[in-house]
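J.: The structure under discussion is supplied below as structure tokens; questions concerning it will follow.
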Amino acid sequence: MAEEMSLLVSQDGPVAILRLNRPAVLNSLNRALVERLVAELERLDADPAVLAIVITGDERAFAAGADIGEMADESAIDMLIRDQFTVWDRIRAVRKPLIAAVSGYVLGGGAELMMSCDLVVASESARIGQPEIRLGVMPGAGGTQRLTRALGTRRALELLWTGESIDAEEAYRAGLVNRIAPAERVLPEALALARTIASMPPLAVRLIKRAVYLAEEAPLDVGLQFERHAFYLLFASNDQKEGMRAFLEKRPPQFRGR
């Protein structure tokens, strides 16, 4: 039962809300919680009634890192056989928009989970960092790669080598978070953003997500080809017909995801 309560799942119209709920340990991410979180993300990704997903914690912490007690006495062979970070690759495969609503400590695995989301709303109290070096290790779930893409090589190295964190304002200036809000407004702001996206044509939302992430990894000509073909493909959808017809008729469109 305790593990079931470590992740609270609810729904607000077309927006699903996943709340990390291990307050006694600042929502630290043990293996069971990560497995359940990923399983829920995949379930919601397949649910046609869900059009966007918000992941949050509480005001003290989004997640303050991994559960160190699970790893402290492990050997290199134990870690290699378990390969606990493979499950994180499944987060990137989620097709629907993922929005993180973060407050307080956003450290280690918590920062990596935040950076695995598509958009981030952060509270003024958020402290974001990768302090793994202070434990004799380094990030393993994408921290070195995503932090470098967001902050640049020199700033990322400084934070990764010192274990220091940054505040929401620096994260916003660097493009690591999208919006800053008071702590009590973080979740409402994230939900409002999610509802706005959920009101858009779902097929276009999905293809835009694929195109943008392709831009991070592929040569420009490959990305341009994908974008062009995705644009043409959307003309096979009812939503394209409805969107353009509604524009010409000067009325709000009614998108159906078809």
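Chain labels follow the order of the structure tokens: the first chain is A, the next B, and so on; residue numbering restarts at 1 in every chain, and ligands are counted from 1 in their shown order.
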Would you list the contacts of A:Ala93 as a list in words, taking every protein, DNA or RNA residue within 10 Å and counting only C-alpha atoms, but skipping same-chain residues closer than 2 positions in sequence?
T.: Leu41, Glu42, Asp45, Trp88, Asp89, Arg90, Ile91, Arg95, Lys96 and Arg210 of chain A
J.: With DSSP run on the backbone, what are the alpha helix (DSSP H) residues within stretch 35-187 of chain A? I'd like them as a ChimeraX atom specification.
T.: /A:35-45,76-82,89-92,109-116,143-151,153-162,168-173,186-187
J.: In terms of the shortest atom-to-atom distance over only C-alpha atoms, which of A:Gly129, A:Gly223, A:Pro201, A:Gly13 is closest to A:Arg258?
T.: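 Smallest distance to A:Arg258 is found for A:Pro201.
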J.: Enumerate as a PDB file with C-alpha atoms, in the first residue's frame all residues of stretch 27-243 of chain A assigned to strand (DSSP E) by DSSP on the backbone, naming them with the chain letters and numbers the document uses.
T.:
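Here's the written file part33.pdb:
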ATOM      1  CA  ALA A  52      -1.704  16.253 -21.566  1.00  0.00           C
ATOM      2  CA  ILE A  53       0.041  15.083 -18.389  1.00  0.00           C
ATOM      3  CA  VAL A  54       1.341  17.125 -15.433  1.00  0.00           C
ATOM      4  CA  ILE A  55       3.951  15.666 -13.044  1.00  0.00           C
ATOM      5  CA  THR A  56       4.362  17.399  -9.692  1.00  0.00           C
ATOM      6  CA  ALA A  61      10.304  19.184  -3.057  1.00  0.00           C
ATOM      7  CA  PHE A  62       9.520  18.029  -6.538  1.00  0.00           C
ATOM      8  CA  ALA A  63      12.055  15.273  -5.915  1.00  0.00           C
ATOM      9  CA  LEU A  98       4.514  16.215 -20.307  1.00  0.00           C
ATOM     10  CA  ILE A  99       4.591  19.274 -18.054  1.00  0.00           C
ATOM     11  CA  ALA A 100       6.572  19.380 -14.804  1.00  0.00           C
ATOM     12  CA  ALA A 101       5.298  21.606 -11.971  1.00  0.00           C
ATOM     13  CA  VAL A 102       8.242  21.929  -9.584  1.00  0.00           C
ATOM     14  CA  TYR A 105      14.272  20.752  -4.108  1.00  0.00           C
ATOM     15  CA  VAL A 106      14.666  19.584  -7.710  1.00  0.00           C
ATOM     16  CA  LEU A 107      17.887  17.654  -7.357  1.00  0.00           C
ATOM     17  CA  LEU A 119       7.684  21.982 -20.441  1.00  0.00           C
ATOM     18  CA  VAL A 120       8.418  23.179 -16.896  1.00  0.00           C
ATOM     19  CA  VAL A 121       6.609  25.553 -14.554  1.00  0.00           C
ATOM     20  CA  ALA A 122       8.820  26.306 -11.542  1.00  0.00           C
ATOM     21  CA  SER A 123       8.079  28.018  -8.272  1.00  0.00           C
ATOM     22  CA  ARG A 127      16.489  24.860  -6.493  1.00  0.00           C
ATOM     23  CA  ILE A 128      17.646  22.799  -9.460  1.00  0.00           C
ATOM     24  CA  GLY A 129      20.868  20.851  -9.554  1.00  0.00           C
ATOM     25  CA  SER A 165      22.232  24.241  -7.683  1.00  0.00           C
ATOM     26  CA  ILE A 166      20.627  27.163  -9.513  1.00  0.00           C
ATOM     27  CA  ASP A 167      17.480  29.076  -8.695  1.00  0.00           C
ATOM     28  CA  ARG A 179       7.493  29.882 -16.464  1.00  0.00           C
ATOM     29  CA  ILE A 180       8.009  30.968 -12.858  1.00  0.00           C
ATOM     30  CA  ALA A 181       5.123  31.280 -10.400  1.00  0.00           C
TER      31      ALA A 181
END
J.: My list of candidates is A:Lys241, A:Arg60, A:Arg22, A:His229. Which is closest to A:Ala126 when distances are computed with only C-alpha atoms?
T.: A:Arg60
J.: Could you tell me how far atom CA of A:Asn21 lies from atom CA of A:Ala66, in Å and to one decimal?
T.: 13.9 Å
J.: Just give me the gap between atom CA of A:Glu158 and atom CA of A:Val137 in Å, one decimal is fine.
T.: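 Atom-to-atom, atom CA of A:Glu158 and atom CA of A:Val137 are spaced 15.4 Å apart.
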J.: What is the distance between atom CA of A:Ala16 and atom CA of A:Ala194, in Å to one decimal?
T.: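 The value is 9.2 Å.
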J.: Taking only C-alpha atoms into account, which of A:Pro14, A:Arg92, A:Gln254, A:Gly152 comes nearest A:Leu214?
T.: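 Of A:Pro14, A:Arg92, A:Gln254, A:Gly152, the one nearest A:Leu214 is A:Arg92, counting only C-alpha atoms.
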J.: Determine the nearest neighbour of A:Leu234 from the options A:Arg31, A:Leu207, A:Ala215, A:Ala246, counting only C-alpha atoms.
T.: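 Nearest to A:Leu234: A:Leu207.
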J.: Name the closest residue to A:Gly163 among the candidates A:Leu135, A:Glu227, A:Glu112, A:Glu249; distances are taken between atoms, counting only C-alpha atoms.
T.: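 Ranking A:Leu135, A:Glu227, A:Glu112, A:Glu249 by distance to A:Gly163, first place goes to A:Leu135.
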J.: Please list as a ChimeraX atom specification every residue within 12 Å of A:Arg36, counting only C-alpha atoms and excluding residues in the same chain fewer than 3 positions away.
T.: /A:3-9,18-20,29-33,39-43,87-88,90-91
J.: Emit the selected residues as a PDB file, in the first residue's frame, including C-alpha atoms.
T.:
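So again.pdb came out as:
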ATOM      1  CA  GLU A   3       4.251   1.980  -2.691  1.00  0.00           C
ATOM      2  CA  GLU A   4       0.813   2.512  -4.216  1.00  0.00           C
ATOM      3  CA  MET A   5       0.486   5.767  -2.281  1.00  0.00           C
ATOM      4  CA  SER A   6       3.921   6.975  -3.403  1.00  0.00           C
ATOM      5  CA  LEU A   7       2.316   8.141  -6.656  1.00  0.00           C
ATOM      6  CA  LEU A   8      -1.107   9.797  -6.632  1.00  0.00           C
ATOM      7  CA  VAL A   9      -2.989   9.825  -9.930  1.00  0.00           C
ATOM      8  CA  LEU A  18       0.783  12.484 -11.372  1.00  0.00           C
ATOM      9  CA  ARG A  19       1.894  13.581  -7.895  1.00  0.00           C
ATOM     10  CA  LEU A  20       5.060  12.177  -6.332  1.00  0.00           C
ATOM     11  CA  LEU A  29      12.910   8.420  -6.366  1.00  0.00           C
ATOM     12  CA  ASN A  30      13.283   4.776  -5.466  1.00  0.00           C
ATOM     13  CA  ARG A  31      13.132   2.109  -8.159  1.00  0.00           C
ATOM     14  CA  ALA A  32       9.544   1.123  -7.355  1.00  0.00           C
ATOM     15  CA  LEU A  33       8.320   4.713  -7.711  1.00  0.00           C
ATOM     16  CA  ALA A  39       3.927   2.541 -16.215  1.00  0.00           C
ATOM     17  CA  GLU A  40       1.327   5.239 -15.491  1.00  0.00           C
ATOM     18  CA  LEU A  41       2.789   7.505 -18.159  1.00  0.00           C
ATOM     19  CA  GLU A  42       2.487   4.717 -20.705  1.00  0.00           C
ATOM     20  CA  ARG A  43      -1.074   3.933 -19.616  1.00  0.00           C
ATOM     21  CA  VAL A  87      13.353   2.560 -17.737  1.00  0.00           C
ATOM     22  CA  TRP A  88      13.944   6.316 -18.102  1.00  0.00           C
ATOM     23  CA  ARG A  90      10.513   5.033 -21.891  1.00  0.00           C
ATOM     24  CA  ILE A  91       9.666   8.535 -20.620  1.00  0.00           C
TER      25      ILE A  91
END
J.: Which residues are near A:Ser125? Cut-off 7 Å, only C-alpha atoms, ignore same chain within fewer than 4 positions. Put them as number ranges by chain.
T.: A: 103-104, 183
J.: Generate a file of the selected residues that holds N, CA and C atoms, formatted as a PDB file, in the first residue's frame.
T.:
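Result file follows (again15.pdb):
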ATOM      1  N   SER A 103       8.609  22.634  -7.322  1.00  0.00           N
ATOM      2  CA  SER A 103       8.881  23.558  -6.224  1.00  0.00           C
ATOM      3  C   SER A 103       9.979  22.979  -5.353  1.00  0.00           C
ATOM      4  N   GLY A 104      10.622  23.842  -4.569  1.00  0.00           N
ATOM      5  CA  GLY A 104      11.593  23.377  -3.596  1.00  0.00           C
ATOM      6  C   GLY A 104      12.752  22.637  -4.237  1.00  0.00           C
ATOM      7  N   ALA A 183       4.789  29.671  -5.222  1.00  0.00           N
ATOM      8  CA  ALA A 183       4.640  28.249  -4.916  1.00  0.00           C
ATOM      9  C   ALA A 183       3.189  27.797  -4.978  1.00  0.00           C
TER      10      ALA A 183
END
J.: Could you give me, as JSON, numbers by chain, the residues within 9 Å of A:Phe255, counting only C-alpha atoms and dropping anything in the same chain fewer than 3 positions from it?
T.: {"A": [199, 200, 201, 202, 238, 239, 240, 242, 243, 258]}
